[in-house]
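The structure appears below as structure tokens.
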Amino acid sequence: MPCPHVLLSAAVSLDGYLDDTGPERLLLSSPADFDRVDEVRASVDAILVGAGTIRADNPRLLVNSPERRAARVAGGRAEYPLKVTVSGSGDLDPAANFWHTGGEKVLYTTDAGAKRATALLGDTADVVPLGSGLDWRALLAHLHDVRGVRRLMVEGGGTVHTQLLQQGLADELQLVLAPLFVGDPGAPRLFGSGAYQGGRLRLTDTRRIEDVVLMRYEPTAPGTGPLETAADRHWLRTACELAALCPPSDTAFSVGAVIVAADGTELARGHSREGDPVVHAEEAALAKLDPADPRLPGATVYSSLEPCAHRASRPVPCAGLILEAGVRRVVTAWREPDTFVTAADGAGVLAAGGVEVVTVPEYAALAQRPNAHLPH
């Protein structure tokens with residue numbers, strides 16, 4: 001299901017704490033970094049914090065710069081981003097700053113929590129029940145589809161950050177490291193224990209801001225099941241963009257493919273007609289690897305178009321090549337239409353061979369773009 005780009009934003013001490021246990025909030029960022037955060041807030045459609053952060057910090061979550069607010073309005077957006085919070089119980093202080101500053105507010109809660117929250121908040125916020133429990137995927141889909149949120153900034157707390165990362169729903173982490181220690185085992189930490197996605201995150205940027213350091217990371221490790229993750233969407237988008245490199249053809253699709261190891265290492269990439277007028281994208285990528293590469297069984301193949309199940313130019317179609325390579329997960333954007341082969345079902349061939357096939361239709365339009373000249 002479509003969801004916003006999820007940006008996690010946090011500042012921590014050198015020993016990984018978000019705060020200390022004193023009565024006043026510990027300020028970890030520098031003045032210049034607070035201004036950077038204000039700039040990021042102005043760039044997004046919504047800002048989310050958990051109910052625990054509202055209780056502990058009583059934040060306003062505003063865009064403080066008048067110039068940035070004016071630029072938002074001039075661009076056709078609301079003066080302030082939508083403010084979002086999450087509470088299973090719905091037990092929130094109606095006098096908190098969150099509800100009385102900025103623009104529109106949304107509370108996501110359970111069915112039971114919605115009754116309590118509505119009684120407490122009245123029409124201060126849009127209260128959205130998600131069922132008997134809190135479902136992050138349903139929450140993100142609602143923000144995307146109903147509220148039009150394309151970029152979501154998450155400012156805490158640690159439990160929210162942990163859950164989004166563990167479920168593979170965070171597209172980006174902006175982490176500020178402050179030059180101090182807390183050392184109090186009772187103080188809140190940024191990340192909790194539990195099962196995270198494997199592999200190393202990709203460091204995309206580092207910046208010194210006065211006496212703190214900003215580090216930006218993206219997850220790279222593929223998902224492991226039938227639900228796509230933020231890393232899956234990144235790699236699938238890359239595959240779709242590779243399709244634009246294909247020499248044009250009126251008799252074959254333009255397709256891009258990327259093969260990624262379980263730890264997030266890119267193993268190979270390819271595109272249709274890459275150095276050979278009849279080669280397919282998955283075939284081109286697999287040909288760059290040793291068939292005995294031990295990483296292949298744990299890898300994921302990302303292909304902008306469903307791998308083919310029938311072809312005239314080669315004895316083995318791409319679905320067969322993937323099965324022969326031992327790959328057990330494929331993520332694709334677009335099921336093959338009947339343009340050249342009637343009732344093509346590469347996904348069915350793969351599934352019958354024990355491969356997990358994940359289709360992410362929100363990228364279908366991007367995959368179709370270099371094929372717009374073809375019929376159907």
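Naming scheme: A, B, ... for chains in displayed order of the structure tokens; residues 1 onward per chain; ligands 1 onward as shown.
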
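The residues of region 162-239 of chain A that DSSP classifies as helix (DSSP H, G or I), using the backbone of this structure, are Thr162, Gln163, Leu164, Leu165, Gln166, Ala230, Ala231, Asp232, Arg233, His234, Trp235, Leu236, Arg237, Thr238 and Ala239 of chain A.
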
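Considering only region 245-359 of chain A, backbone DSSP assigns strand (DSSP E or B) to Gly256, Ala257, Val258, Ile259, Val260, Glu266, Leu267, Ala268, Arg269, Gly270, His271, Thr300, Val301, Tyr302, Ser303, Arg329, Val330, Val331, Thr332, Glu356, Val357, Val358 and Thr359 of chain A.
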
Can you work out which one of A:Asp171, A:Glu228, A:Asp290, A:Glu39 has the shortest atom-to-atom distance to Asn64 (chain A), counting only C-alpha atoms?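 Among the listed residues, A:Glu39 lies closest to Asn64 (chain A).
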
Using only C-alpha atoms, which protein or nucleic acid residues come within 8 Å of region 352-356 of chain A? Drop anything in the same chain fewer than 5 positions from it, and give the result as a PyMOL selection string. chain A and resi 225-226+323+327-330

Selected residues written out, N, CA and C atoms, as a PDB file, in the first residue's frame:
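Final output, result05.pdb:
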```pdb
ATOM      1  N   GLY A 225       9.844 -10.860   3.751  1.00  0.00           N
ATOM      2  CA  GLY A 225       8.550 -11.515   3.632  1.00  0.00           C
ATOM      3  C   GLY A 225       7.685 -10.882   2.577  1.00  0.00           C
ATOM      4  N   PRO A 226       6.375 -11.057   2.683  1.00  0.00           N
ATOM      5  CA  PRO A 226       5.455 -10.586   1.648  1.00  0.00           C
ATOM      6  C   PRO A 226       5.148  -9.096   1.684  1.00  0.00           C
ATOM      7  N   LEU A 323      15.095 -18.916 -10.692  1.00  0.00           N
ATOM      8  CA  LEU A 323      14.975 -20.175  -9.946  1.00  0.00           C
ATOM      9  C   LEU A 323      16.294 -20.941  -9.962  1.00  0.00           C
ATOM     10  N   VAL A 327      17.621 -17.767  -6.011  1.00  0.00           N
ATOM     11  CA  VAL A 327      17.032 -16.590  -5.361  1.00  0.00           C
ATOM     12  C   VAL A 327      15.630 -16.954  -4.872  1.00  0.00           C
ATOM     13  N   ARG A 328      15.285 -16.476  -3.694  1.00  0.00           N
ATOM     14  CA  ARG A 328      14.003 -16.845  -3.098  1.00  0.00           C
ATOM     15  C   ARG A 328      13.081 -15.657  -2.841  1.00  0.00           C
ATOM     16  N   ARG A 329      13.420 -14.479  -3.382  1.00  0.00           N
ATOM     17  CA  ARG A 329      12.521 -13.327  -3.213  1.00  0.00           C
ATOM     18  C   ARG A 329      12.676 -12.387  -4.401  1.00  0.00           C
ATOM     19  N   VAL A 330      11.545 -11.964  -4.953  1.00  0.00           N
ATOM     20  CA  VAL A 330      11.524 -11.047  -6.088  1.00  0.00           C
ATOM     21  C   VAL A 330      10.529  -9.936  -5.785  1.00  0.00           C
TER      22      VAL A 330
END
```
